[in-house]
$ cat run.txt   # compact mmCIF, C-alpha atoms
# COMPACT_ATOMS: atom_id res chain seq x y z
CA ALA G 1080 -15.36 36.13 33.63
CA LYS G 1081 -16.17 32.99 35.61
CA CYS G 1082 -16.70 31.11 32.35
CA ARG G 1083 -13.32 32.27 31.03
CA TRP G 1084 -11.57 31.10 34.23
CA THR G 1085 -13.32 27.73 33.95
CA ILE G 1086 -12.19 27.29 30.34
CA LEU G 1087 -8.64 28.33 31.25
CA PHE G 1088 -8.56 25.87 34.16
CA CYS G 1089 -9.80 23.01 31.95
CA TRP G 1090 -7.25 23.84 29.25
CA ASN G 1091 -4.34 23.94 31.72
CA HIS G 1092 -5.52 20.68 33.28
CA TYR G 1093 -5.67 19.08 29.80
CA ARG G 1094 -2.14 20.26 28.91
CA THR G 1095 -0.80 18.99 32.26
CA MET G 1096 -2.31 15.55 31.71
CA GLN G 1097 -0.91 15.44 28.16
CA SER G 1098 2.52 16.32 29.51
CA ILE G 1099 2.31 13.56 32.12
CA LYS G 1100 1.25 11.04 29.48
CA SER G 1101 4.07 12.13 27.18
CA THR G 1102 6.65 11.84 29.99
CA PHE G 1103 5.36 8.41 31.00
CA ARG G 1104 5.42 7.23 27.39
CA LEU G 1105 8.99 8.44 26.90
CA GLN G 1106 10.23 6.84 30.13
CA HIS G 1107 8.44 3.59 29.36
CA ASN G 1108 9.77 3.59 25.80
CA VAL G 1109 13.37 4.20 26.85
CA ALA G 1110 13.13 1.62 29.64
CA GLY G 1111 11.69 -0.91 27.21
CA ARG G 1112 14.53 -0.37 24.77
CA PHE G 1113 17.44 -0.50 27.20
CA PHE G 1114 16.33 -3.04 29.80
CA SER G 1115 14.52 -5.61 27.68
CA SER G 1116 17.48 -6.34 25.40
CA GLY G 1117 20.39 -4.50 27.03
CA ALA G 1118 20.91 -2.20 24.05
CA PRO G 1119 18.73 -0.14 21.73
CA ASN G 1120 17.83 -1.95 18.50
CA GLY G 1121 16.27 -0.09 15.61
CA ARG G 1122 12.96 -1.52 14.46
CA LEU G 1123 11.31 -0.94 11.09
CA ILE G 1124 7.64 -1.76 10.55
CA LEU G 1125 6.60 -1.89 6.89
CA VAL G 1126 2.96 -1.76 5.77
CA SER G 1127 1.50 -1.54 2.28
CA HIS G 1128 -1.74 0.49 2.21
CA GLY G 1129 -5.07 -1.29 2.12
CA PRO G 1130 -7.04 -1.91 -1.11
CA SER G 1131 -8.16 1.25 -2.93
CA GLU G 1132 -11.26 1.93 -5.00
CA TRP G 1133 -9.29 0.79 -8.06
CA GLN G 1134 -8.33 -2.52 -6.45
CA LYS G 1135 -11.53 -4.40 -5.91
CA GLY G 1136 -13.67 -6.80 -7.90
CA ASP G 1137 -12.67 -9.53 -10.34
CA GLN G 1138 -9.95 -9.08 -12.92
CA SER G 1139 -12.39 -9.19 -15.84
CA ASN G 1140 -14.05 -5.98 -14.63
CA THR G 1141 -12.36 -3.15 -16.56
CA SER G 1142 -13.56 -0.47 -14.12
CA VAL G 1143 -11.35 -1.84 -11.30
CA ASN G 1144 -7.93 -3.44 -10.81
CA ARG G 1145 -6.43 -0.54 -12.72
CA PHE G 1146 -2.81 0.59 -12.80
CA THR G 1147 -2.89 3.39 -10.25
CA GLY G 1148 0.59 4.79 -9.75
CA TRP G 1149 0.49 8.46 -8.70
CA VAL G 1150 -3.30 8.84 -9.17
CA ASN G 1151 -4.82 9.90 -5.83
CA VAL G 1152 -7.42 7.14 -5.53
CA PRO G 1153 -9.14 6.81 -2.11
CA LEU G 1154 -9.15 3.69 0.04
CA ALA G 1155 -11.95 1.20 -0.43
CA GLU G 1156 -14.03 0.27 2.62
CA LYS G 1157 -12.04 -2.98 2.85
CA GLY G 1158 -8.84 -0.94 3.01
CA ARG G 1159 -10.16 1.26 5.82
CA ASP G 1160 -11.32 -1.78 7.80
CA ARG G 1161 -7.92 -3.39 7.41
CA ALA G 1162 -6.17 -0.22 8.61
CA HIS G 1163 -8.27 -0.30 11.80
CA GLU G 1164 -7.18 -3.91 12.37
CA ILE G 1165 -3.49 -2.97 11.94
CA GLY G 1166 -3.89 -0.16 14.47
CA ASN G 1167 -5.24 -2.66 16.97
CA LEU G 1168 -2.36 -5.06 16.27
CA LEU G 1169 0.20 -2.29 16.91
CA GLN G 1170 -1.44 -0.80 20.03
CA SER G 1171 1.30 -2.11 22.34
CA THR G 1172 4.12 -1.02 20.01
CA TYR G 1173 5.82 2.32 20.70
CA ILE G 1174 6.41 4.29 17.50
CA ASP G 1175 9.07 7.04 17.44
CA CYS G 1176 8.31 8.24 13.91
CA ALA G 1177 5.85 7.42 11.14
CA VAL G 1178 6.60 7.81 7.42
CA THR G 1179 4.29 7.72 4.41
CA SER G 1180 3.88 8.93 0.83
CA GLN G 1181 1.98 11.95 -0.45
CA LEU G 1182 -0.78 9.78 -1.89
CA GLY G 1183 -4.07 9.72 0.01
CA ARG G 1184 -4.52 5.94 0.20
CA ALA G 1185 -1.22 5.57 2.08
CA ARG G 1186 -1.72 8.68 4.25
CA ASP G 1187 -5.27 7.62 5.18
CA THR G 1188 -4.06 4.11 6.06
CA LEU G 1189 -1.44 5.64 8.36
CA ASP G 1190 -3.93 8.07 9.93
CA ILE G 1191 -6.35 5.26 10.75
CA ILE G 1192 -3.55 3.10 12.20
CA LEU G 1193 -2.33 5.94 14.43
CA ASP G 1194 -5.87 6.88 15.52
CA ASN G 1195 -6.34 3.31 16.74
CA MET G 1196 -3.14 3.48 18.80
CA GLY G 1197 -4.70 5.71 21.46
CA ASP G 1198 -3.41 8.81 23.24
CA THR G 1199 0.08 8.70 21.70
CA ARG G 1200 -1.30 9.80 18.31
CA ASP G 1201 -0.30 13.48 18.49
CA GLU G 1202 3.15 12.74 19.90
CA ILE G 1203 4.35 10.82 16.85
CA PRO G 1204 6.01 12.97 14.14
CA VAL G 1205 4.78 12.08 10.65
CA VAL G 1206 6.99 12.50 7.57
CA GLU G 1207 5.29 12.65 4.15
CA THR G 1208 7.48 12.29 1.08
CA TRP G 1209 7.11 11.92 -2.67
CA ARG G 1210 10.05 9.50 -2.52
CA LEU G 1211 7.70 6.84 -1.13
CA ASN G 1212 4.97 7.40 -3.75
CA GLU G 1213 3.92 4.34 -5.72
CA ARG G 1214 5.76 3.44 -8.89
CA HIS G 1215 4.77 5.65 -11.84
CA PHE G 1216 3.25 3.30 -14.43
CA GLY G 1217 3.50 5.72 -17.36
CA SER G 1218 0.95 5.15 -20.12
CA LEU G 1219 -0.56 2.20 -18.22
CA VAL G 1220 -2.06 4.49 -15.57
CA GLY G 1221 -5.85 4.22 -15.58
CA LEU G 1222 -5.91 0.99 -17.62
CA SER G 1223 -7.14 -2.24 -16.08
CA ARG G 1224 -4.84 -5.24 -16.38
CA VAL G 1225 -7.24 -6.72 -18.95
CA GLU G 1226 -7.17 -3.55 -21.08
CA ALA G 1227 -3.39 -3.24 -20.81
CA GLU G 1228 -2.86 -6.85 -21.93
CA ARG G 1229 -5.23 -6.29 -24.86
CA ILE G 1230 -3.18 -3.28 -26.03
CA TYR G 1231 0.39 -4.42 -25.28
CA GLY G 1232 0.10 -8.20 -24.90
CA LYS G 1233 0.26 -10.28 -21.73
CA GLU G 1234 3.96 -11.10 -22.06
CA THR G 1235 4.89 -7.41 -22.31
CA ILE G 1236 2.71 -6.43 -19.33
CA ASP G 1237 4.22 -9.26 -17.26
CA SER G 1238 7.66 -7.91 -18.14
CA PHE G 1239 6.67 -4.38 -17.02
CA ARG G 1240 5.40 -5.79 -13.74
CA HIS G 1241 8.20 -8.22 -12.86
CA ASN G 1242 11.35 -7.25 -14.78
CA TYR G 1243 13.52 -5.06 -12.52
CA GLU G 1244 14.70 -2.78 -15.35
CA ALA G 1245 11.61 -2.73 -17.60
CA ALA G 1246 9.57 0.51 -17.66
CA PRO G 1247 6.17 0.99 -19.38
CA PRO G 1248 5.86 3.53 -22.22
CA PRO G 1249 5.97 7.11 -20.86
CA MET G 1250 2.89 9.08 -19.94
CA ASP G 1251 1.83 11.93 -22.22
CA LYS G 1252 3.79 15.09 -21.26
CA ASN G 1253 0.64 17.25 -21.23
CA THR G 1254 -0.91 14.94 -18.64
CA VAL G 1255 2.25 15.06 -16.54
CA ALA G 1256 2.22 18.88 -16.71
CA LYS G 1257 -1.30 18.87 -15.22
CA TRP G 1258 -0.32 16.36 -12.54
CA GLU G 1259 2.69 18.39 -11.43
CA ARG G 1260 0.37 21.15 -10.22
CA GLN G 1261 -1.51 18.79 -7.89
CA ASN G 1262 -0.41 18.74 -4.25
CA HIS G 1263 0.07 14.96 -4.06
CA CYS G 1264 2.43 15.04 -7.05
CA LYS G 1265 4.69 17.87 -5.87
CA LEU G 1266 8.21 16.73 -5.05
CA VAL G 1267 8.15 17.65 -1.36
CA THR G 1268 9.28 15.94 1.84
CA SER G 1269 7.88 17.40 5.08
CA GLN G 1270 7.59 16.52 8.76
CA LYS G 1271 4.42 17.25 10.69
CA GLN G 1272 3.73 17.06 14.43
CA ASP G 1273 0.65 18.55 16.07
CA ARG G 1274 0.20 21.86 14.17
CA ASP G 1275 3.85 22.32 13.26
CA GLU G 1276 5.22 21.50 9.81
CA LYS G 1277 8.81 21.59 8.65
CA ILE G 1278 9.81 21.25 4.98
CA LEU G 1279 12.78 18.90 4.63
CA GLU G 1280 13.16 18.81 0.86
CA ILE G 1281 11.61 20.57 -2.15
CA GLY G 1282 12.18 19.06 -5.56
CA ARG G 1283 15.77 18.15 -4.83
CA SER G 1284 17.65 15.15 -3.54
CA TRP G 1285 19.88 15.53 -0.51
CA CYS G 1286 22.87 15.78 -2.86
CA ASN G 1287 21.22 18.87 -4.44
CA SER G 1288 20.54 17.39 -7.87
CA THR G 1289 17.26 18.67 -9.30
CA GLU G 1290 14.44 16.13 -9.45
CA LYS G 1291 11.46 16.13 -11.81
CA MET G 1292 8.28 14.11 -11.79
CA PRO G 1293 8.87 10.93 -13.83
CA LEU G 1294 7.05 10.10 -17.06
CA THR G 1295 7.37 6.37 -16.25
CA GLU G 1296 9.39 4.18 -13.91
CA SER G 1297 10.94 0.74 -13.71
CA MET G 1298 11.50 -0.94 -10.35
CA LYS G 1299 15.13 0.13 -10.68
CA ASP G 1300 13.98 3.76 -11.01
CA CYS G 1301 11.84 3.36 -7.87
CA ASN G 1302 14.89 2.14 -6.00
CA ARG G 1303 16.95 5.14 -7.15
CA ARG G 1304 14.17 7.50 -6.04
CA MET G 1305 13.73 5.83 -2.64
CA MET G 1306 17.39 5.32 -1.60
CA PRO G 1307 18.30 8.95 -0.69
CA PHE G 1308 15.39 8.99 1.75
CA TRP G 1309 16.49 5.65 3.22
CA GLU G 1310 20.09 6.82 3.65
CA LYS G 1311 19.39 10.35 4.94
CA ALA G 1312 16.13 9.95 6.86
CA LEU G 1313 15.40 6.33 7.82
CA GLU G 1314 18.79 4.73 8.45
CA PRO G 1315 19.98 7.37 11.00
CA ARG G 1316 16.81 6.85 13.08
CA LEU G 1317 17.21 3.07 13.00
CA LYS G 1318 20.88 3.35 14.01
CA ASN G 1319 19.70 5.50 16.92
CA GLY G 1320 17.54 2.62 18.15
CA GLU G 1321 14.21 4.13 17.12
CA THR G 1322 11.09 2.31 15.96
CA VAL G 1323 9.89 3.65 12.61
CA LEU G 1324 6.54 2.85 10.98
CA VAL G 1325 6.51 3.09 7.17
CA VAL G 1326 3.16 2.99 5.33
CA SER G 1327 3.75 3.06 1.61
CA HIS G 1328 3.03 1.15 -1.60
CA ASN G 1329 3.74 -2.27 -3.05
CA SER G 1330 6.56 -1.31 -5.44
CA ILE G 1331 8.40 0.91 -2.94
CA LEU G 1332 8.23 -1.67 -0.17
CA LYS G 1333 9.40 -4.33 -2.60
CA VAL G 1334 12.61 -2.45 -3.48
CA MET G 1335 13.09 -1.51 0.18
CA LEU G 1336 12.89 -5.18 1.14
CA GLN G 1337 15.33 -6.05 -1.62
CA ASN G 1338 17.88 -3.69 -0.06
CA LEU G 1339 17.50 -4.80 3.55
CA ASP G 1340 16.53 -8.50 3.60
CA PRO G 1341 19.44 -10.92 2.91
CA VAL G 1342 16.99 -13.54 1.58
CA LEU G 1343 16.01 -11.40 -1.40
CA LYS G 1344 18.68 -11.98 -4.01
CA LYS G 1345 18.06 -10.75 -7.55
CA ASP G 1346 16.89 -14.19 -8.68
CA SER G 1347 14.11 -14.22 -6.05
CA PHE G 1348 13.10 -10.56 -6.36
CA SER G 1349 10.51 -11.22 -9.08
CA GLN G 1350 8.90 -13.93 -6.92
CA LEU G 1351 8.17 -11.56 -4.02
CA LYS G 1352 4.62 -10.29 -3.67
CA VAL G 1353 4.07 -7.82 -0.84
CA PRO G 1354 0.65 -8.48 0.76
CA CYS G 1355 -1.72 -5.53 1.17
CA ALA G 1356 -2.05 -4.11 4.68
CA VAL G 1357 -0.04 -6.75 6.55
CA PRO G 1358 2.74 -5.40 8.82
CA ILE G 1359 6.23 -6.92 8.84
CA MET G 1360 8.79 -5.84 11.47
CA TYR G 1361 12.59 -5.85 11.04
CA THR G 1362 15.03 -5.47 13.94
CA PHE G 1363 18.57 -4.20 13.35
CA ASP G 1364 21.80 -4.37 15.33
CA SER G 1365 24.11 -1.36 15.75
CA GLU G 1366 25.75 -2.09 12.37
CA MET G 1367 22.38 -2.10 10.58
CA ASN G 1368 22.45 -5.86 10.07
CA VAL G 1369 19.05 -7.54 10.20
CA ILE G 1370 18.53 -9.69 13.30
CA PRO G 1371 16.78 -12.72 11.74
CA GLU G 1372 13.32 -13.78 12.89
CA GLU G 1373 11.74 -17.15 12.19
CA ASN G 1374 8.29 -16.96 10.62
CA THR G 1375 5.65 -19.62 11.24
CA VAL G 1376 3.18 -18.02 8.82
CA GLY G 1377 3.21 -17.27 5.11
CA GLU G 1378 4.27 -19.27 2.09
CA GLY G 1379 7.29 -19.31 -0.23
CA ILE G 1380 9.47 -16.20 -0.18
CA CYS G 1381 7.17 -14.46 2.34
CA ARG G 1382 7.84 -17.18 4.91
CA GLU G 1383 11.60 -17.06 4.31
CA LEU G 1384 11.96 -13.31 4.91
CA GLN G 1385 14.02 -12.41 7.98
CA GLY G 1386 11.50 -9.86 9.27
CA LYS G 1387 8.62 -10.92 11.53
CA TRP G 1388 5.09 -10.87 10.09
CA ILE G 1389 2.71 -9.36 12.66
CA ASP G 1390 -0.26 -10.99 10.94
CA GLU G 1391 -0.84 -13.73 8.38
CA PRO G 1392 0.70 -12.52 5.04
CA ILE G 1393 -2.08 -13.54 2.66
CA VAL G 1394 -1.32 -12.39 -0.89
CA ASP G 1395 -4.22 -11.46 -3.17
CA ASP G 1396 -3.06 -11.10 -6.80
CA GLU G 1397 -5.84 -8.57 -7.41
CA GLU G 1398 -4.36 -6.24 -4.77
CA VAL G 1399 -0.65 -6.22 -5.66
CA ASP G 1400 1.73 -5.15 -8.42
CA ILE G 1401 -0.54 -2.50 -9.99
CA ALA G 1402 -1.37 -0.48 -6.85
$ encode --input "run.txt" --output "structure tokens"
Amino acid sequence: AKCRWTILFCWNHYRTMQSIKSTFRLQHNVAGRFFSSGAPNGRLILVSHGPSEWQKGDQSNTSVNRFTGWVNVPLAEKGRDRAHEIGNLLQSTYIDCAVTSQLGRARDTLDIILDNMGDTRDEIPVVETWRLNERHFGSLVGLSRVEAERIYGKETIDSFRHNYEAAPPPMDKNTVAKWERQNHCKLVTSQKQDRDEKILEIGRSWCNSTEKMPLTESMKDCNRRMMPFWEKALEPRLKNGETVLVVSHNSILKVMLQNLDPVLKKDSFSQLKVPCAVPIMYTFDSEMNVIPEENTVGEGICRELQGKWIDEPIVDDEEVDIA
């Protein structure tokens, strides 16, 4: 009996301390929003996951640098290390909500980031959605860039990678049928906090049109898939003055940046390369206009973007475009 009372006392003490921490965090967060700038500004932090097991080595090695798409490839050690570094960089940043895809390399990157942010980890709701999955590369999935260029030609592969409307040949329907039964390929959007989970969407867009897993995608298709989530889930939070952390994939972040950053006109879209595992933060006014920041790091288009890089945006060609 004495042991049970001791356990009960410790548990109640733990819950009380968690409640105090949560209240302090909320008060500090609200005070920071309203008194530092006079009005709440939405902030969006975008991060592409770290390098995966298919994104390491030199380009001549056909066992790596493969078109990944919706394959659930784990993070490489370099990717995990980089996620820890991001978590340390964001330790002083209050996050109201975190968003990621259903693919393990993005979810694991987010988990590591949040674990490195301290005691606030369990207080941050996490939304996982298929709408932020990487671009589906169709029949290119599993091929290295070298193999793909040997089969289709370098000019054609470059077009698939950089042309906004060009999609690779579709994946075999039998393969897609097998993929659809895997958890990370199901068309689901859910929100998780502590042990609670709420399903927000199952295989349908918010306008109730039925969605199916794609056989292949262009960048334009990625944009069409992502936009309902932006309009119905992200934009309302940003308008409410919240800070949202998005950990996703190169192609999705590229089309997201195209929609929100005034610098990215269609003629410069193909020049943008989103660096792996480097956070960029955008701040919005009440009308959802970007409040421009001046970057002192980065080169070319990366330096001109109106978001603020939280670390040096070094682009490695072996880690982008086919993730």
$ closest_residue --input "run.txt" --among "G:Thr1172, G:Ser1284, G:Thr1179, G:Asn1144" --to "Phe1308 in chain G" --atoms "all atoms listed in the file"
G:Ser1284
$ closest_residue --input "run.txt" --among "G:Arg1210, G:Arg1145, G:Arg1316, G:His1215" --to "Ala1227 in chain G" --atoms "only C-alpha atoms"
G:Arg1145
$ closest_residue --input "run.txt" --among "G:Thr1147, G:Val1357, G:Asp1251, G:Lys1277" --to "Arg1224 in chain G" --atoms "only C-alpha atoms"
G:Thr1147
$ closest_atom_pairs --input "run.txt" --of "range 1232-1338 of chain G" --to "range 1186-1202 of chain G" --cutoff "10 Å" --atoms "only C-alpha atoms" --output "Markdown table"
| residue | atom | partner | partner_atom | distance |
| --- | --- | --- | --- | --- |
| G:Lys1271 | CA | G:Asp1201 | CA | 9.9 |
| G:Gln1272 | CA | G:Asp1201 | CA | 6.7 |
| G:Asp1273 | CA | G:Asp1201 | CA | 5.7 |
| G:Arg1274 | CA | G:Asp1201 | CA | 9.4 |
| G:Leu1324 | CA | G:Leu1189 | CA | 8.9 |
| G:Val1325 | CA | G:Leu1189 | CA | 8.4 |
| G:Val1326 | CA | G:Leu1189 | CA | 6.1 |
| G:Ser1327 | CA | G:Arg1186 | CA | 8.3 |
$ atom_distance --input "run.txt" --atom1 "CA of Leu1332 in chain G" --atom2 "CA of Arg1260 in chain G"
26.1 Å
$ residues_around --input "run.txt" --residues "Phe1146 in chain G" --least-positions-apart "2" --cutoff "10 Å" --atoms "all atoms listed in the file" --output "ChimeraX atom specification"
/G:1133-1134,1143-1144,1148-1150,1214-1224,1227,1400-1402
$ atom_distance --input "run.txt" --atom1 "CA of Ser1365 in chain G" --atom2 "CA of Asn1287 in chain G"
28.7 Å
$ build_atoms --input "run.txt" --residues "range 1209-1242 of chain G" --atoms "N, CA and C atoms" --output "mmCIF file, keeping the file's coordinate frame"
data_model
loop_
_atom_site.group_PDB
_atom_site.id
_atom_site.type_symbol
_atom_site.label_atom_id
_atom_site.label_comp_id
_atom_site.auth_asym_id
_atom_site.auth_seq_id
_atom_site.Cartn_x
_atom_site.Cartn_y
_atom_site.Cartn_z
ATOM 1 N N TRP G 1209 7.339 12.414 -1.307
ATOM 2 C CA TRP G 1209 7.110 11.920 -2.670
ATOM 3 C C TRP G 1209 8.011 10.737 -2.982
ATOM 4 N N ARG G 1210 9.118 10.591 -2.247
ATOM 5 C CA ARG G 1210 10.050 9.500 -2.520
ATOM 6 C C ARG G 1210 9.460 8.128 -2.194
ATOM 7 N N LEU G 1211 8.370 8.109 -1.435
ATOM 8 C CA LEU G 1211 7.700 6.840 -1.130
ATOM 9 C C LEU G 1211 6.388 6.697 -1.892
ATOM 10 N N ASN G 1212 6.140 7.584 -2.883
ATOM 11 C CA ASN G 1212 4.970 7.400 -3.750
ATOM 12 C C ASN G 1212 5.086 6.077 -4.509
ATOM 13 N N GLU G 1213 3.934 5.576 -4.929
ATOM 14 C CA GLU G 1213 3.920 4.340 -5.720
ATOM 15 C C GLU G 1213 4.717 4.508 -7.006
ATOM 16 N N ARG G 1214 5.093 3.436 -7.582
ATOM 17 C CA ARG G 1214 5.760 3.440 -8.890
ATOM 18 C C ARG G 1214 4.877 4.155 -9.915
ATOM 19 N N HIS G 1215 5.499 4.971 -10.765
ATOM 20 C CA HIS G 1215 4.770 5.650 -11.840
ATOM 21 C C HIS G 1215 4.681 4.692 -13.027
ATOM 22 N N PHE G 1216 3.447 4.319 -13.387
ATOM 23 C CA PHE G 1216 3.250 3.300 -14.430
ATOM 24 C C PHE G 1216 3.118 3.880 -15.832
ATOM 25 N N GLY G 1217 3.474 5.146 -16.016
ATOM 26 C CA GLY G 1217 3.500 5.720 -17.360
ATOM 27 C C GLY G 1217 2.163 5.652 -18.060
ATOM 28 N N SER G 1218 2.176 5.190 -19.306
ATOM 29 C CA SER G 1218 0.950 5.150 -20.120
ATOM 30 C C SER G 1218 -0.045 4.090 -19.669
ATOM 31 N N LEU G 1219 0.360 3.228 -18.726
ATOM 32 C CA LEU G 1219 -0.560 2.200 -18.220
ATOM 33 C C LEU G 1219 -1.532 2.747 -17.193
ATOM 34 N N VAL G 1220 -1.225 3.922 -16.637
ATOM 35 C CA VAL G 1220 -2.060 4.490 -15.570
ATOM 36 C C VAL G 1220 -3.503 4.643 -16.046
ATOM 37 N N GLY G 1221 -4.426 4.125 -15.255
ATOM 38 C CA GLY G 1221 -5.850 4.220 -15.580
ATOM 39 C C GLY G 1221 -6.381 3.003 -16.321
ATOM 40 N N LEU G 1222 -5.479 2.197 -16.918
ATOM 41 C CA LEU G 1222 -5.910 0.990 -17.620
ATOM 42 C C LEU G 1222 -6.054 -0.169 -16.630
ATOM 43 N N SER G 1223 -7.066 -1.013 -16.857
ATOM 44 C CA SER G 1223 -7.140 -2.240 -16.080
ATOM 45 C C SER G 1223 -6.099 -3.218 -16.639
ATOM 46 N N ARG G 1224 -5.797 -4.257 -15.880
ATOM 47 C CA ARG G 1224 -4.840 -5.240 -16.380
ATOM 48 C C ARG G 1224 -5.341 -5.877 -17.668
ATOM 49 N N VAL G 1225 -6.650 -6.116 -17.741
ATOM 50 C CA VAL G 1225 -7.240 -6.720 -18.950
ATOM 51 C C VAL G 1225 -7.039 -5.802 -20.151
ATOM 52 N N GLU G 1226 -7.335 -4.505 -19.985
ATOM 53 C CA GLU G 1226 -7.170 -3.550 -21.080
ATOM 54 C C GLU G 1226 -5.710 -3.423 -21.493
ATOM 55 N N ALA G 1227 -4.817 -3.376 -20.514
ATOM 56 C CA ALA G 1227 -3.390 -3.240 -20.810
ATOM 57 C C ALA G 1227 -2.868 -4.447 -21.591
ATOM 58 N N GLU G 1228 -3.300 -5.633 -21.216
ATOM 59 C CA GLU G 1228 -2.860 -6.850 -21.930
ATOM 60 C C GLU G 1228 -3.432 -6.893 -23.336
ATOM 61 N N ARG G 1229 -4.627 -6.328 -23.524
ATOM 62 C CA ARG G 1229 -5.230 -6.290 -24.860
ATOM 63 C C ARG G 1229 -4.433 -5.365 -25.775
ATOM 64 N N ILE G 1230 -3.912 -4.262 -25.226
ATOM 65 C CA ILE G 1230 -3.180 -3.280 -26.030
ATOM 66 C C ILE G 1230 -1.731 -3.699 -26.273
ATOM 67 N N TYR G 1231 -1.050 -4.163 -25.189
ATOM 68 C CA TYR G 1231 0.390 -4.420 -25.280
ATOM 69 C C TYR G 1231 0.760 -5.903 -25.322
ATOM 70 N N GLY G 1232 -0.188 -6.776 -24.971
ATOM 71 C CA GLY G 1232 0.100 -8.200 -24.900
ATOM 72 C C GLY G 1232 0.467 -8.621 -23.484
ATOM 73 N N LYS G 1233 0.043 -9.818 -23.109
ATOM 74 C CA LYS G 1233 0.260 -10.280 -21.730
ATOM 75 C C LYS G 1233 1.740 -10.403 -21.400
ATOM 76 N N GLU G 1234 2.538 -10.904 -22.324
ATOM 77 C CA GLU G 1234 3.960 -11.100 -22.060
ATOM 78 C C GLU G 1234 4.651 -9.756 -21.772
ATOM 79 N N THR G 1235 4.288 -8.734 -22.514
ATOM 80 C CA THR G 1235 4.890 -7.410 -22.310
ATOM 81 C C THR G 1235 4.475 -6.829 -20.965
ATOM 82 N N ILE G 1236 3.193 -6.950 -20.617
ATOM 83 C CA ILE G 1236 2.710 -6.430 -19.330
ATOM 84 C C ILE G 1236 3.377 -7.174 -18.177
ATOM 85 N N ASP G 1237 3.538 -8.495 -18.302
ATOM 86 C CA ASP G 1237 4.220 -9.260 -17.260
ATOM 87 C C ASP G 1237 5.662 -8.790 -17.094
ATOM 88 N N SER G 1238 6.291 -8.422 -18.197
ATOM 89 C CA SER G 1238 7.660 -7.910 -18.140
ATOM 90 C C SER G 1238 7.695 -6.567 -17.406
ATOM 91 N N PHE G 1239 6.738 -5.672 -17.710
ATOM 92 C CA PHE G 1239 6.670 -4.380 -17.020
ATOM 93 C C PHE G 1239 6.492 -4.582 -15.514
ATOM 94 N N ARG G 1240 5.713 -5.579 -15.145
ATOM 95 C CA ARG G 1240 5.400 -5.790 -13.740
ATOM 96 C C ARG G 1240 6.537 -6.466 -12.972
ATOM 97 N N HIS G 1241 7.260 -7.375 -13.606
ATOM 98 C CA HIS G 1241 8.200 -8.220 -12.860
ATOM 99 C C HIS G 1241 9.664 -8.027 -13.221
ATOM 100 N N ASN G 1242 9.949 -7.462 -14.381
ATOM 101 C CA ASN G 1242 11.350 -7.250 -14.780
ATOM 102 C C ASN G 1242 11.881 -5.999 -14.076
#
